[in-house]
Amino acid sequence: MGLTFSIHTLGCRANQADSEQMAQILLSAGFEEVAFGQPADCQVVNTCTVTREADRKSAQMVRRAARLGDQVVVTGCGAAQKGGAWQRVPSTALRLPPEQREQILEKIGAQHCPSGDRLERNWLRRDRARALLRIQEGCDQFCTFCIVPYVRGRARSQSREWVLEQVLALGTQEVVLSGIHLSAWGQERQEDLADLLEFLLPRTPGVRYRLSSVEPDLFPTRIFDLMVGYPERVCPHLHLVLQHASDAVLQRMHRGYDLAHYDALVQEFVTRVPGACLTTDLMVGFPGETHQDFEILMRYVRRTPFARIHVFPYSQRPGTSAARFPDQVAEAVSQQRRDRLLKLADRKRIAFQRQNLGQIREALVESESEQPGWMKATSDNFLPLLLRGGPALRGKRLLCRLQRRRGELIIAVAESGAETGTVSREEGF
Ligand code: SF4
């Protein structure tokens, strides 16, 4: 085996997309990937600092990596951190700011690229059916609990031509467009995400698009027209971050919208888009969150068809304004609220799964399941599926009937003549 690397990724989808990109750069340069935890020549830790706990875990993983490899690269939001949990991180760890991730080879001083300095930019291991593509970076929102704008800088986005070039190079069945504040894509050029999809759809025949997490402010509702008009190309899935349903809390969080705005988007999405799958992030225990605020949140969740909810208890993040707010909520209260909300979230998830049983949906087959003879797939509306079949199905898009629940998964059966999308690199149709 030649030179090896491993990557451990913490945090959000934006970090996952960055890790994909760095992995591909290293693979193109002749490195081989090994699982994190194995000895490797280069260990990359893509860190997250969104909460104190994330900070602690990130620093811990960097220390663990340092025990395993010759060279440790710390990237992600923790690349600039030094104090607190990071004090015991070895000073030999190389710090790679996320916006310089494309320079990872130069940073580690690697002269191993078999094709000289020219790297292929198709940032994906070719056996993957789905690619995460980062098209936006940074954020101007300055939510009071969040450190990201301080460590990732101002909002900026890739041009639509750049995105097109990447999608064509990837050649995958599905591309997930991601960013720190994805809804802000293109705002510096008076463009929005719907403009981007309208540009991409006719130029990338067969590719299915999914949006990663989006913020409600700046979200263009013309996206719903595209979901309705191109049901096989634009997934009917919206991860629309809410954080809280109490306007008083939203205001203190500096989120830039109120519940009425959020709910108007939700109503339009679920009434107009067939098979709509709505998922979200919620935060409990934000400073000043009263019992009444929490009950407002519970009531809203009960009456809204969320298919999946990520629940985060607030954690004080040094350097953010919320860390200095009075009325910090006691940890025990915060945990109690988290547990109540998680139980409700579980019921909502099961309800969405049940509502989909018997439906025919398009599934993208991704990988082999641990159970022989079964493949893992994901429906266009984000349901995790199990399909009978072997590796030959990987990367295929099939029409499937959703049959029955098995724990977290739904057993699906391919309809006869079920293959749907074929990705073509020809331009225009
Ligand atoms: S929108 Fe708010 S939570 Fe999201 S990255 Fe920007 S500041 Fe952080």
# chains A, B, ... in the order shown; residues from 1 in each chain; ligands from 1

$ residues_around --residues "Leu238 of chain A" --least-positions-apart "6" --cutoff "10 Å" --atoms "only C-alpha atoms" --output "list in words"
Arg210, Leu211, Ser212, Ser213, Val214, Phe224, Val266, Phe269, Val270, Ala276, Cys277, Leu278, Thr279, Thr280, Asn381 and Phe382 of chain A

$ write_last_selection --atoms "C-alpha atoms" --output "PDB file, in the first residue's frame"
ATOM      1  CA  ARG A 210     -31.884  17.559  -3.565  1.00  0.00           C
ATOM      2  CA  LEU A 211     -31.419  20.609  -1.368  1.00  0.00           C
ATOM      3  CA  SER A 212     -29.496  20.254   1.841  1.00  0.00           C
ATOM      4  CA  SER A 213     -30.542  22.245   4.908  1.00  0.00           C
ATOM      5  CA  VAL A 214     -32.101  25.651   4.068  1.00  0.00           C
ATOM      6  CA  PHE A 224     -41.935  24.507  -5.219  1.00  0.00           C
ATOM      7  CA  VAL A 266     -44.582  24.945   5.139  1.00  0.00           C
ATOM      8  CA  PHE A 269     -44.847  23.144   0.421  1.00  0.00           C
ATOM      9  CA  VAL A 270     -47.148  20.473   1.847  1.00  0.00           C
ATOM     10  CA  ALA A 276     -43.702  16.386   0.386  1.00  0.00           C
ATOM     11  CA  CYS A 277     -41.185  15.471   3.085  1.00  0.00           C
ATOM     12  CA  LEU A 278     -40.541  18.216   5.647  1.00  0.00           C
ATOM     13  CA  THR A 279     -37.635  17.888   8.077  1.00  0.00           C
ATOM     14  CA  THR A 280     -36.150  20.418  10.489  1.00  0.00           C
ATOM     15  CA  ASN A 381     -38.915  12.002  -0.304  1.00  0.00           C
ATOM     16  CA  PHE A 382     -36.072  10.963   1.993  1.00  0.00           C
TER      17      PHE A 382
END

$ closest_atom_pairs --of "segment 238-265 of chain A" --to "segment 313-326 of chain A" --cutoff "10 Å" --atoms "only C-alpha atoms" --output "tab-separated table"
residue	atom	partner	partner_atom	distance
A:Arg252	CA	A:Ala322	CA	8.3
A:Met253	CA	A:Ala322	CA	7.7
A:His254	CA	A:Ala322	CA	10.0

$ write_last_selection --atoms "C-alpha atoms" --output "PDB file, in the first residue's frame"
ATOM      1  CA  ARG A 252     -33.600  36.674  20.652  1.00  0.00           C
ATOM      2  CA  MET A 253     -31.920  34.098  18.421  1.00  0.00           C
ATOM      3  CA  HIS A 254     -31.786  36.771  15.669  1.00  0.00           C
TER       4      HIS A 254
END

$ atom_distance --atom1 "atom CA of Gln158 of chain A" --atom2 "atom CA of Gly186 of chain A"
7.7 Å

$ residues_near_ligand --ligand "ligand 1" --cutoff "9 Å" --atoms "only C-alpha atoms and all ligand atoms" --output "list in words"
Val50, Gly138, Cys139, Asp140, Gln141, Phe142, Cys143, Thr144, Phe145, Cys146, Ile147, Val148, Pro149, Tyr150, Arg152, Ala155, Ile180, His181, Val214, Glu215, Asp217, Val241, Gln243, Met253, His254, Arg255 and Gly256 of chain A

$ select_by_dssp --residues "segment 33-203 of chain A" --states "strand (DSSP E or B)" --output "PyMOL selection string"
chain A and resi 33+36+38+40-47+69-76+94-95+130-137+156-157+174-179

$ closest_residue --among "A:Pro39, A:Gly229, A:Thr221, A:Gly288" --to "Gln267 of chain A" --atoms "only C-alpha atoms"
A:Thr221

$ residues_around --residues "Arg189 of chain A" --least-positions-apart "6" --cutoff "12 Å" --atoms "only C-alpha atoms" --output "compact mmCIF listing (two decimals) with N, CA and C atoms, in the first residue's frame"
# COMPACT_ATOMS: atom_id res chain seq x y z
N ALA A 155 -21.06 35.60 3.68
CA ALA A 155 -21.71 34.71 2.71
C ALA A 155 -21.17 34.96 1.31
N ARG A 156 -20.87 33.89 0.61
CA ARG A 156 -20.42 34.01 -0.78
C ARG A 156 -20.79 32.72 -1.49
N SER A 157 -20.99 32.80 -2.81
CA SER A 157 -21.44 31.58 -3.49
C SER A 157 -20.72 31.37 -4.80
N GLN A 158 -20.69 30.11 -5.19
CA GLN A 158 -20.08 29.74 -6.47
C GLN A 158 -20.99 30.19 -7.61
N SER A 159 -20.42 30.44 -8.76
CA SER A 159 -21.24 30.85 -9.91
C SER A 159 -22.01 29.64 -10.44
N ARG A 160 -23.08 29.92 -11.20
CA ARG A 160 -23.87 28.80 -11.73
C ARG A 160 -23.04 27.99 -12.74
N ASP A 195 -33.28 30.11 -9.59
CA ASP A 195 -32.57 30.46 -10.84
C ASP A 195 -31.51 29.41 -11.13
N LEU A 196 -30.81 28.98 -10.09
CA LEU A 196 -29.74 28.00 -10.28
C LEU A 196 -30.31 26.68 -10.82

$ closest_residue --among "A:Asp281, A:Arg67, A:Gln103, A:Leu27" --to "Cys12 of chain A" --atoms "only C-alpha atoms"
A:Asp281

$ residues_around --residues "segment 32-34 of chain A" --least-positions-apart "2" --cutoff "8 Å" --atoms "only C-alpha atoms" --output "compact mmCIF listing (two decimals) with C-alpha atoms, in the first residue's frame"
# COMPACT_ATOMS: atom_id res chain seq x y z
CA MET A 1 0.00 0.00 0.00
CA GLY A 2 1.28 3.50 -0.84
CA LEU A 3 0.58 6.59 1.17
CA THR A 4 -2.64 6.47 3.15
CA PHE A 5 -5.09 8.93 4.64
CA SER A 6 -8.21 8.87 6.75
CA ALA A 23 -10.89 12.89 -0.02
CA LEU A 26 -6.07 13.01 -1.93
CA LEU A 27 -7.33 10.01 -3.94
CA GLY A 30 -2.46 8.65 -5.34
CA PHE A 36 -10.42 6.44 10.72
CA GLN A 38 -6.36 2.79 11.47
CA ALA A 40 -2.40 6.38 8.27

$ atom_distance --atom1 "atom CA of Asp346 of chain A" --atom2 "atom CA of Arg401 of chain A"
23.2 Å

$ residues_around --residues "Pro216 of chain A" --least-positions-apart "4" --cutoff "9 Å" --atoms "only C-alpha atoms" --output "list of chain:residue names"
A:Ser183, A:Pro220, A:Leu240, A:Val241, A:Leu242, A:Arg255, A:Gly256, A:Tyr257, A:His261, A:Tyr262, A:Leu265

$ residues_around --residues "segment 387-393 of chain A" --least-positions-apart "3" --cutoff "8 Å" --atoms "only C-alpha atoms" --output "PDB file with C-alpha atoms, in the first residue's frame"
ATOM      1  CA  VAL A 365     -29.993   2.527  -4.578  1.00  0.00           C
ATOM      2  CA  SER A 367     -25.021   0.631  -0.928  1.00  0.00           C
ATOM      3  CA  GLU A 368     -25.139  -2.945   0.280  1.00  0.00           C
ATOM      4  CA  GLY A 373     -29.268  -9.985  -0.428  1.00  0.00           C
ATOM      5  CA  TRP A 374     -30.521  -6.502   0.493  1.00  0.00           C
ATOM      6  CA  MET A 375     -29.518  -3.044  -0.694  1.00  0.00           C
ATOM      7  CA  LYS A 376     -29.935   0.299   1.064  1.00  0.00           C
ATOM      8  CA  ALA A 377     -31.774   3.001  -0.856  1.00  0.00           C
ATOM      9  CA  LYS A 396     -29.810   2.861 -10.126  1.00  0.00           C
ATOM     10  CA  ILE A 411     -39.086  -2.540   2.897  1.00  0.00           C
ATOM     11  CA  ALA A 412     -39.635  -1.564  -0.731  1.00  0.00           C
ATOM     12  CA  VAL A 413     -40.259  -3.696  -3.818  1.00  0.00           C
ATOM     13  CA  ALA A 414     -39.186  -2.586  -7.278  1.00  0.00           C
TER      14      ALA A 414
END
